[in-house]
Amino acid sequence: MGIVNQDNITAVVTESLGKHGDISSREREIATSMIKHLHGFIKDVKLQHHEFLAACDYFARAGKLCDDNRQEFILLGDILGLEVLVDMMTNPVEGKESESTVLGPFYRENPPVLPKGASIIQKHFENEETVFFEGHIKDENGNGIAGVTLDVWEDAPNGIYENLDPDQPEYNLRGRFETDENGHYAFIAVRPVPYPIPDDETAGELLRFMGHHPNRPGHMHFMISKNGYRPLISQIYDADSAWLDDDSVFAVKESLIGKFNRASQDLGTDLHFEFDFVLKEGAVSQAVAAE
């Protein structure tokens with residue numbers, strides 16, 4: 001029966017799925033649940049037509065903001081805690097492997113390929129603290145894994161990522177490295193600082209609607225991959241950073257917090273940060289999309 005009323009509208013829509021074209025069982029599962037939850041939400045809050053139109057306008061404006069430098073829908077998903085939840089569903093920790101967390105909206109493909117121990121700093125800032133980052137990528141038995149690719153990226157000491165700052169060189173504070181025969185990685189960067197995610201436009205509207213702030217604690221991003229192991233997208237956090245226990249995108253996990261220490265003179269940097277990651281053997285995760 002296609003004639004609808006308030007009581008049967010949800011059933012009418014879900015029963016239409018696949019009626020005039022083949023859909024997979026997974027597509028049916030997702031669409032059915034989505035329709036039921038959306039209809040339930042509308043009934044729960046008694047959504048009015050002017051509010052529905054305002055929401056349509058909001059998402060249209062969000063779409064217009066998306067470009068190579070800003071993915072507004074990922075940002076909105078982060079603010080709502082959606083990306084971190086999807087990540088936890090996609091990459092459950094089942095053994096000794098390191099925890100993942102959100103990719104975020106500021107990753108760039110094809111960063112500069114650099115030798116182990118090289119610097120990703122292309123522009124210096126007066127308030128920067130240089131850091132020698134190092135550690136090992138290990139398997140679940142504790143053995144170092146050679147030939148692991150690491151993409152790393154971070155914000156500058158002014159709190160802005162390079163792709164949002166016209167005054168920074170292309171790919172500043174980004175790099176791609178490979179572990180040596182012992183699974184060891186090393187590079188030079190700056191101490192990441194807390195920063196506000198973009199709180200203008202639709203992201204800012206959502207934050208204000210929620211009564212939330214835009215600030216993130218200082219962190220370094222990692223994308224780690226090697227054939228035969230489940231790829232890992234993660235971040236490591238500064239134990240002394242502001243906003244560590246009140247992250248605007250809800251992505252901080254206890255196991256990903258580390259301590260910056262004063263560097264020995266031979267390292268040639270202000271600070272030293274050591275952090276190991278453990279990869280799980282297995283198939284490629286769908287979470288790793290070159291986004």
# chains A, B, ... in the order shown; residues from 1 in each chain; ligands from 1

$ select_by_dssp --residues "stretch 61-251 of chain A" --states "helix (DSSP H, G or I)" --output "ChimeraX atom specification"
/A:61-65,72-79,82-90,162-164,201-210

$ residues_around --residues "A:Leu85" --least-positions-apart "2" --cutoff "12 Å" --atoms "only C-alpha atoms" --output "list in words"
Gly77, Asp78, Ile79, Leu80, Gly81, Leu82, Glu83, Asp87, Met88, Met89, Thr90, Asn91, Pro92, Ser100, Thr101, Val102, Val249, Phe250, Ala251 and Ala287 of chain A

$ residues_around --residues "stretch 180-195 of chain A" --least-positions-apart "5" --cutoff "9 Å" --atoms "only C-alpha atoms" --output "number ranges by chain"
A: 114-121, 128-138, 143-148, 150, 154-160, 173-175, 214-220, 237-238, 241-243, 260, 269, 271, 276

$ closest_residue --among "A:Ser225, A:Thr14, A:Thr202, A:Asn261" --to "A:Gly63" --atoms "only C-alpha atoms"
A:Thr202

$ closest_residue --among "A:Phe52, A:Phe277, A:Phe209, A:Tyr229" --to "A:Gly142" --atoms "only C-alpha atoms"
A:Phe277

$ closest_residue --among "A:Asp44, A:Asp247, A:Asp167, A:Glu254" --to "A:Phe125" --atoms "only C-alpha atoms"
A:Asp167

$ select_by_dssp --residues "stretch 10-240 of chain A" --states "strand (DSSP E or B)" --output "PyMOL selection string"
chain A and resi 113+119+130-138+144+149-153+174-178+184-190+195-196+215-216+219-225+229+232-238

$ residues_around --residues "A:Asp200" --least-positions-apart "2" --cutoff "12 Å" --atoms "only C-alpha atoms" --output "NGL selection string"
:A and (62 or 65 or 72 or 75-76 or 196-198 or 202-208 or 214)

$ closest_residue --among "A:Phe273, A:Ser25, A:Asp266, A:Ser248" --to "A:Ile236" --atoms "only C-alpha atoms"
A:Phe273

$ atom_distance --atom1 "atom CA of A:Leu53" --atom2 "atom CA of A:Val4"
21.4 Å

$ atom_distance --atom1 "atom CA of A:Tyr107" --atom2 "atom CA of A:Asp67"
12.6 Å
